[in-house]
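Quick notes on the structure that follows.
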Amino acid sequence: MEFSEDADKIISYVELYRHIAIAEMDRTGIPASIKMAQGILESGSGESELATVAKNHFGIKCGGDWSGSTHFVWDDEPVKSCFRVYASAEESYIAHSEFLLNPAKAFRYGPLFLLDRTDYKAWAEGLQSAGYATSKTYAVKLISLIERYELYKLDHLTLRKQEPTLAEVERVFKDEKPKYMDTLLVSRDGGKNPNSGGITEPANVQWHTDTKPTASVWADWVTEQQRAEWGEQPFKMNGKRVVLAQKGETATILAARMGVRRRDIVRYNDLKKRELQEGQYVFLEPKARHFDGATRHVCREGQTMYDVAQFYGLRLRSLQKMNSKYKSDEKLHLGTQLRLR
């Protein structure tokens, strides 16, 4: 499907979904730049019928093993094609990862996961060679989007830190003047506080210059729009009720706010010897014993078993049993794979 390009719409789309693209890169190793470029291309920056009606941003068709809702649209076939319907765009982003990780498709997409996650050109060419799309210029289109909108910068970010330091920017992107992505990596207060991170108007562009790592694994992961939507209200993660920890909240304060006993908050979230972090998922009921989705998590450097358990809504003890060779607070190395079920 071909869509006309609108720079403002693309930039808005990147800002809206970069958090889930980075989260999925953390989890699976799929470059965030590739996921974002595919999302832009396949969904018309989120404005296609498939994206708006079916929340399907990657053109994933039903297939023989799909038992969920369906939506039929015209594509390049002589009859309308069946596409999967998702509950949210984020679910579509996760499903895209699972599609590429599907063991039944390992002969096609498996070689991609041997590539460096910063080698977006090899990933783009690999996707075309594997037959992800019928277009003979699919790789060229992905690479063009990644380079024109500097999406490759996303491949150097993590859930722990979505703003690079000035030193990192200079080291990774030597002799480059920021263009589009600078509108995504600036301070929310117009540049007055270089440690705040986030978004403001392009006229106030200022690179984030904090030399310290982000204090929270969870800080700045969700977008401003999602913070506004979720706010202080519970939502579901892995089928369990969860709420975002607010700035300065302790287990005691959060328990009082949610009308839950403090000891339950501590028990559900393994907080006996840990402190809450701003933006962290705090579960209001016991977490699950397995993750109803992905079968594995590919770690980034420094992630811990606790980080992963909380991110997926998994009981820490259950995750430890499935991955007994690692300790709960051990900082894991890049590429370490953890079983999720």
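The chains in the structure tokens are called A, B, ... from first to last as shown; in each chain the residues are counted from 1, and the ligands are counted from 1 in the order shown.
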
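Here the residues within region 15-104 of chain A that DSSP labels strand (DSSP E) on the basis of the backbone are A:Thr70, A:His71, A:Phe72, A:Val73, A:Ser81, A:Cys82, A:Phe83, A:Arg84.
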
Using the selection just defined, write its residues with N, CA and C atoms as a compact mmCIF listing (two decimals), in the first residue's frame.
```
# COMPACT_ATOMS: atom_id res chain seq x y z
N THR A 70 -11.26 -9.95 12.62
CA THR A 70 -10.66 -9.73 11.31
C THR A 70 -11.26 -8.50 10.64
N HIS A 71 -10.52 -7.98 9.67
CA HIS A 71 -10.98 -6.83 8.88
C HIS A 71 -10.51 -7.04 7.44
N PHE A 72 -11.39 -6.83 6.49
CA PHE A 72 -11.06 -7.06 5.09
C PHE A 72 -10.89 -5.72 4.36
N VAL A 73 -9.76 -5.60 3.65
CA VAL A 73 -9.51 -4.40 2.84
C VAL A 73 -8.84 -4.82 1.54
N SER A 81 -8.34 -8.73 1.13
CA SER A 81 -7.52 -9.58 1.99
C SER A 81 -7.97 -9.48 3.44
N CYS A 82 -7.75 -10.56 4.18
CA CYS A 82 -8.11 -10.63 5.60
C CYS A 82 -6.94 -10.18 6.45
N PHE A 83 -7.17 -9.19 7.29
CA PHE A 83 -6.13 -8.68 8.18
C PHE A 83 -6.54 -8.82 9.64
N ARG A 84 -5.57 -8.96 10.51
CA ARG A 84 -5.83 -9.11 11.94
C ARG A 84 -6.27 -7.79 12.56
```

List as a Markdown table every residue of region 64-127 of chain A that is in contact with region 34-46 of chain A, defined as an atom at most 9 Å from one of its atoms (using only C-alpha atoms), together with the nearest atom pair and the distance in Å rounded to one decimal, sorted by chain and then rising number.
```
| residue | atom | partner | partner_atom | distance |
| --- | --- | --- | --- | --- |
| A:Ala89 | CA | A:Gly46 | CA | 8.8 |
| A:Tyr93 | CA | A:Lys35 | CA | 7.9 |
| A:His96 | CA | A:Lys35 | CA | 8.3 |
| A:Ser97 | CA | A:Lys35 | CA | 8.7 |
| A:Tyr120 | CA | A:Ile34 | CA | 6.4 |
| A:Lys121 | CA | A:Ile34 | CA | 9.0 |
| A:Trp123 | CA | A:Ile34 | CA | 7.3 |
| A:Ala124 | CA | A:Ile34 | CA | 7.0 |
```

Would you write out those residues with C-alpha atoms, as a JSON list (two decimals), in the first residue's frame?
```json
[["chain", "number", "residue", "atom", "x", "y", "z"],
["A", 89, "ALA", "CA", -1.60, 0.15, 18.23],
["A", 93, "TYR", "CA", 3.66, -3.35, 17.62],
["A", 96, "HIS", "CA", 4.80, -7.47, 14.73],
["A", 97, "SER", "CA", 7.69, -8.68, 16.88],
["A", 120, "TYR", "CA", 19.30, -0.87, 9.80],
["A", 121, "LYS", "CA", 20.34, -1.26, 6.17],
["A", 123, "TRP", "CA", 17.69, -5.38, 8.43],
["A", 124, "ALA", "CA", 15.78, -3.54, 5.70]]
```

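Proximity of A:Val14, A:Arg315, A:Lys325, A:Arg339 to Leu145 (chain A), computed with only C-alpha atoms, is greatest for A:Val14.
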
Report the distance between CA of Leu271 (chain A) and CA of Cys299 (chain A) in Å, rounded to one decimal place.
-> 21.9 Å
